[in-house]
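Enquirer: Dropping a structure here in structure tokens format, bear with me for questions.
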Amino acid sequence: MQDTSAADEIQDVLTGLGEALAARDVDRALTFFAEDCYWRDFVSFTWNMITLEGQDAIADMLRERLADVQPDDWAPDDTVPARQDGAVTEGFIRFSTSVAHGYGYLRLRDGKIWTLLTTAQDLKGHEEPGSLSRPLGLVQDEQIGEPTWTDRRDAERAELGVTQQPYVLIVGGGHSGIILAARLRQLGVPALIVEKNERAGDNWRKRYKTLQLHNPIWENELPYLSFPDNWPIYMNKDKFADWLESYTNVMELNFWGGAEATSARFDEETSTWEVEVERHGEKVTLRPKQLVMSTGSHARPTIPDLPGRDVFEGIQQHSSEHPGPDGLEGKKVVVVGSGTSAHDIAAALAARDVDVTMIQRSPTYVVKPDSFNKHVLGALYSQEAAANGVTPEKGDILAASFPYALFFDVQKAGVDKIREIDAEFYEELGNSGFLLDFGPRDGGLFARAITGVNNYYIDVGAAQMIIDGRLKVASGSGVKELRERSLILEDGRELDADAIIYATGFTSMKGAIADLISPEVAERLGEISGIGSGEGTDPGPWEGEIRNMWKPVDQEGLWFHGALIAHARSYSRYLALQLKARMEGMPTPTYRLEEARDSSLV
């Protein structure tokens with residue numbers, strides 16, 4: 001039921017704000033904002049992904065952008081009830097600009113704007129086709145003799161990248177690249193995916209056989225096409241891989257499997273990329289206007305260069321090469337690492353009664369899936385959320401509505417509740433010798449993810465195996481060296497091993513840029529992750545948004561896209577709109593282009 005008082009309060013503030021903005025009266029507009037206020041904008045006002053913190057930052061943006069943006073039609077979205085919780089009133093909102101249809105989320109505290117999210121959802125005159133604007137499809141009258149859908153689709157596959165160049169080239173055909181290509185397809189932007197694996201979904205399909213998605217199905221929806229209602233809440237990786245392949249075909253995406261981009265050079269005179277691709281042994285040169293790196297964090301496996309690697313007589317595998325527990329029965333196996341892959345692999349081995357030890361150098365955040373879903377994801381991505389009108393798309397808006405300056409405290413509230421409910425579980429796990437922590441600033445899994453420390457695990461069984469002693473853990477020390485049939489830890493412990501599996505992660509996209517384009521470009525751009533929190537592997541200074549992702553960077557025509565499925569679904573919309581605007585020749589003045597940050601992490 002709609003809280004009419006909450007809806008009326010939001011409407012009153014939007015009306016006053018809208019009148020002030022229409023009059024270009026920035027000082028009056030600021031009277032609707034609290035002193036400690038945040039405005040997060042995705043493309044609609046700034047052609048950027050940016051957070052403005054405080055009235056002064058908001059005033060600077062409005063003075064520079066209002067004349068172009070011409071915001072109007074501010075109103076609450078009454079399809080999802082506004083609500084009031086103490087001094088905070090919040091709800092979804094609609095608005096428009098001179099070039100876009102906008103959507104967002106507003107929080108008022110004591111009647112003043114505390115947090116505001118504004119996003120562009122469609123470009124006027126270039127809206128995505130939908131249920132009210134479907135193409136007819138029926139072939140009739142004189143057109144009956146024209147090429148069929150199959151003829152046209154076959155011709156497109158044969159011509160794109162050969163006789164016709166894609167406007168956008170997407171390097172990397174995992175879920176992120178596929179999602180972006182689907183967005184671009186709906187916007188009429190010619191796009192081509194190049195992926196070194198043969199089939200869409202192979203980046204999931206080729207991982208260890210027991211891999212499953214640890215996030216619930218509502219969080220992992222892809223745009224335009226929902227999972228069947230009878231699908232499980234948690235999918236096996238092969239099921240999801242097949243879905244990606246089917247999705248690629250159904251959405252009519254142009255996907256080159258068995259194709260690897262080997263080099264890229266930007267031509268300053270023509271503002272065009274020249275990208276060399278090896279496709280099934282043949283060299284092909286592509287010349288797109290826009291190049292999107294969507295290799296994610298799985299571009300290159302990271303294997304520590306340990307003394308004695310050439311001496312060890314047993315099996316050595318990176319987690320990306322590990323097929324599963326078959327053939328390792330009766331052997332002593334050591335898994336190096338303690339994140340999700342390490343836990344999954346070690347648990348599958350322990351389930352086969354393999355003698356397995358996981359090396360945990362530093363603490364890991366562990367959370368039970370039911371607790372995580374209820375207290376962290378429930379309001380955003382769940383059956384209950386859907387029943388309340390919060391679709392995955394609205395969940396994405398709600399998730400983005402808190403600026404990162406408040407993010408850690410928001411996450412901590414859920415983490416603290418879980419710690420209270422699952423206190424016995426955490427006590428037992430800690431007593432087993434396992435090193436626990438609860439993420440940067442006790443912000444849990446997502447706080448780890450945005451600061452680049454992927455040492456977390458949504459427990460699907462490995463933690464109980466550790467508690468029960470079925471899965472051994474060597475904590476508090478890294479590996480010093482390898483010997484013929486053992487590992488020596490830095491603290492002097494020796495672990496016998498017939499096989500070593502390195503669950504040690506992957507390099508960042510910055511490394512991929514250094515390889516594909518040049519180390520100079522990679523260094524100029526700086527980090528392609530993190531928010532400048534100063535936590536873990538996320539060096540400052542504070543940026544307030546994820547660095548270099550989904551927005552213009554200090555290299556014309558180059559973009560970055562990736563992350564979790566939900567992030568890829570959400571942020572792909574804003575990247576696709578920026579690419580569409582450029583293809584159509586629309587002015588796209590970027591407000592406050594991110595400064596490059598020096599870094600040596602290539």
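So you can find residues: chains in the structure tokens are A, B, ... in the order shown, residues in each start at 1, and ligands are numbered from 1 in order.
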What residues in range 126-337 of chain A get the DSSP label strand (DSSP E)? Please answer as a PDB file with C-alpha atoms, in the first residue's frame.
Expert:
ATOM      1  CA  VAL A 168      31.705  -1.335 -31.388  1.00  0.00           C
ATOM      2  CA  LEU A 169      34.145  -4.196 -30.903  1.00  0.00           C
ATOM      3  CA  ILE A 170      33.756  -6.047 -27.605  1.00  0.00           C
ATOM      4  CA  VAL A 171      36.852  -7.967 -26.535  1.00  0.00           C
ATOM      5  CA  ALA A 191      28.571  -4.639 -32.405  1.00  0.00           C
ATOM      6  CA  LEU A 192      30.820  -7.676 -32.634  1.00  0.00           C
ATOM      7  CA  ILE A 193      32.126  -9.848 -29.800  1.00  0.00           C
ATOM      8  CA  VAL A 194      35.495 -11.568 -30.159  1.00  0.00           C
ATOM      9  CA  GLU A 195      36.090 -14.395 -27.702  1.00  0.00           C
ATOM     10  CA  PHE A 255      29.753 -13.598 -31.670  1.00  0.00           C
ATOM     11  CA  TRP A 256      33.101 -14.728 -33.043  1.00  0.00           C
ATOM     12  CA  GLY A 257      34.242 -17.739 -31.075  1.00  0.00           C
ATOM     13  CA  ALA A 259      38.889 -15.385 -32.037  1.00  0.00           C
ATOM     14  CA  GLU A 260      41.540 -13.637 -29.983  1.00  0.00           C
ATOM     15  CA  ALA A 261      42.450  -9.962 -30.187  1.00  0.00           C
ATOM     16  CA  THR A 262      46.254  -9.820 -30.305  1.00  0.00           C
ATOM     17  CA  SER A 263      46.962  -6.101 -30.703  1.00  0.00           C
ATOM     18  CA  ALA A 264      45.138  -2.787 -30.914  1.00  0.00           C
ATOM     19  CA  ARG A 265      46.225   0.655 -32.082  1.00  0.00           C
ATOM     20  CA  PHE A 266      44.204   3.894 -32.113  1.00  0.00           C
ATOM     21  CA  ASP A 267      44.492   6.046 -35.238  1.00  0.00           C
ATOM     22  CA  THR A 272      39.353   4.561 -35.396  1.00  0.00           C
ATOM     23  CA  TRP A 273      40.854   1.497 -33.782  1.00  0.00           C
ATOM     24  CA  GLU A 274      42.903  -1.009 -35.742  1.00  0.00           C
ATOM     25  CA  VAL A 275      42.572  -4.347 -33.981  1.00  0.00           C
ATOM     26  CA  GLU A 276      44.390  -7.475 -35.092  1.00  0.00           C
ATOM     27  CA  VAL A 277      42.448 -10.678 -34.432  1.00  0.00           C
ATOM     28  CA  GLU A 278      43.416 -14.311 -34.911  1.00  0.00           C
ATOM     29  CA  ARG A 279      40.308 -16.270 -35.853  1.00  0.00           C
ATOM     30  CA  GLU A 282      43.486 -16.621 -39.842  1.00  0.00           C
ATOM     31  CA  LYS A 283      44.579 -13.035 -39.194  1.00  0.00           C
ATOM     32  CA  VAL A 284      41.782 -10.467 -39.473  1.00  0.00           C
ATOM     33  CA  THR A 285      42.016  -6.680 -39.081  1.00  0.00           C
ATOM     34  CA  LEU A 286      38.986  -4.938 -37.580  1.00  0.00           C
ATOM     35  CA  GLN A 290      34.737   2.095 -30.151  1.00  0.00           C
ATOM     36  CA  LEU A 291      36.672  -0.637 -28.343  1.00  0.00           C
ATOM     37  CA  VAL A 292      35.209  -2.185 -25.183  1.00  0.00           C
ATOM     38  CA  MET A 293      37.404  -4.316 -22.975  1.00  0.00           C
ATOM     39  CA  ILE A 315      50.578 -32.176 -10.551  1.00  0.00           C
ATOM     40  CA  GLN A 316      50.394 -28.373 -10.682  1.00  0.00           C
ATOM     41  CA  GLN A 317      47.229 -26.648 -11.925  1.00  0.00           C
ATOM     42  CA  HIS A 318      45.698 -23.208 -11.795  1.00  0.00           C
ATOM     43  CA  LYS A 332      47.452 -35.609  -1.034  1.00  0.00           C
ATOM     44  CA  VAL A 333      46.263 -32.335  -2.529  1.00  0.00           C
ATOM     45  CA  VAL A 334      47.105 -28.798  -1.451  1.00  0.00           C
ATOM     46  CA  VAL A 335      44.936 -25.900  -2.584  1.00  0.00           C
ATOM     47  CA  VAL A 336      46.742 -22.550  -2.444  1.00  0.00           C
TER      48      VAL A 336
END
Enquirer: So that I can check the surroundings of Asp344 in chain A, please list as an mmCIF file with N, CA and C atoms, in the first residue's frame every protein, DNA and RNA residue that reaches within 7 Å of it, counting only C-alpha atoms and ignoring chain neighbours fewer than 4 positions away.
Expert:
data_model
loop_
_atom_site.group_PDB
_atom_site.id
_atom_site.type_symbol
_atom_site.label_atom_id
_atom_site.label_comp_id
_atom_site.auth_asym_id
_atom_site.auth_seq_id
_atom_site.Cartn_x
_atom_site.Cartn_y
_atom_site.Cartn_z
ATOM 1 N N LEU A 211 31.601 -26.257 -10.056
ATOM 2 C CA LEU A 211 31.329 -24.822 -9.907
ATOM 3 C C LEU A 211 29.835 -24.556 -10.047
ATOM 4 N N THR A 340 36.599 -18.119 -3.026
ATOM 5 C CA THR A 340 35.496 -18.985 -3.444
ATOM 6 C C THR A 340 35.983 -20.202 -4.210
ATOM 7 N N ALA A 348 34.969 -30.167 -3.031
ATOM 8 C CA ALA A 348 34.696 -31.272 -3.956
ATOM 9 C C ALA A 348 35.693 -32.405 -3.754
ATOM 10 N N ALA A 462 31.731 -26.076 2.340
ATOM 11 C CA ALA A 462 33.144 -26.218 2.698
ATOM 12 C C ALA A 462 33.392 -25.829 4.149
#
Enquirer: Write out as a list in words each polymer residue whose atoms come within 7 Å of range 476-486 of chain A, counting only C-alpha atoms; drop sequence neighbours fewer than 3 positions from it.
Expert: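 Result of the neighbour search: Leu306, Pro307, Gly308, Arg309, Val311, Phe312, Glu313, Gly314, Gln360, Arg361, Ser362, Leu489, Glu490, Asp491, Glu494, Leu495, Asp496, Ala497 and Asp498 of chain A.
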Enquirer: Within 12 Å of range 383-390 of chain A, counting only C-alpha atoms, which residues show up once you throw out same-chain ones fewer than 5 positions away? Write them as a PyMOL selection string, please.
Expert: chain A and resi 1-2+77-82+91-92+216-219+229+233+373-374+377-378+395-399
Enquirer: Which residue out of A:Pro519, A:Leu222, A:Arg65, A:Thr89 has the minimum interatomic distance to Ala7 in chain A when only C-alpha atoms are used?
Expert: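 Among A:Pro519, A:Leu222, A:Arg65, A:Thr89, it is A:Thr89 that comes nearest to Ala7 in chain A.
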Enquirer: For Asp370 in chain A, list every protein, DNA or RNA residue within 12 Å, evaluated using only C-alpha atoms, and leave out those in the same chain fewer than 5 positions away; present the list as JSON, numbers by chain.
Expert: {"A": [214, 215, 216, 233, 234, 375, 376, 377, 378, 382, 418, 421, 422, 458, 459, 460]}
Enquirer: What is the distance, in Å and to one decimal place, between CA of Asp41 in chain A and CA of Asn220 in chain A?
Expert: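 Pair CA of Asp41 in chain A / CA of Asn220 in chain A returns 23.8 Å.
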Enquirer: Find the residues around Pro223 in chain A up to 12 Å (only C-alpha atoms counted), leave out those fewer than 3 positions away in its own chain, and share them as number ranges by chain.
Expert: A: 175-176, 178-186, 218-220, 226-227, 244, 247-248, 251, 391-393, 396, 565-573
Enquirer: Tell me, as a ChimeraX atom specification, which residues lie within 12 Å of Phe42 in chain A, counting only C-alpha atoms; anything in the same chain fewer than 3 positions away does not count.
Expert: /A:39,45-52,100,102-105,116-122,397,400-401,403,545,549-551,570-578,590-591
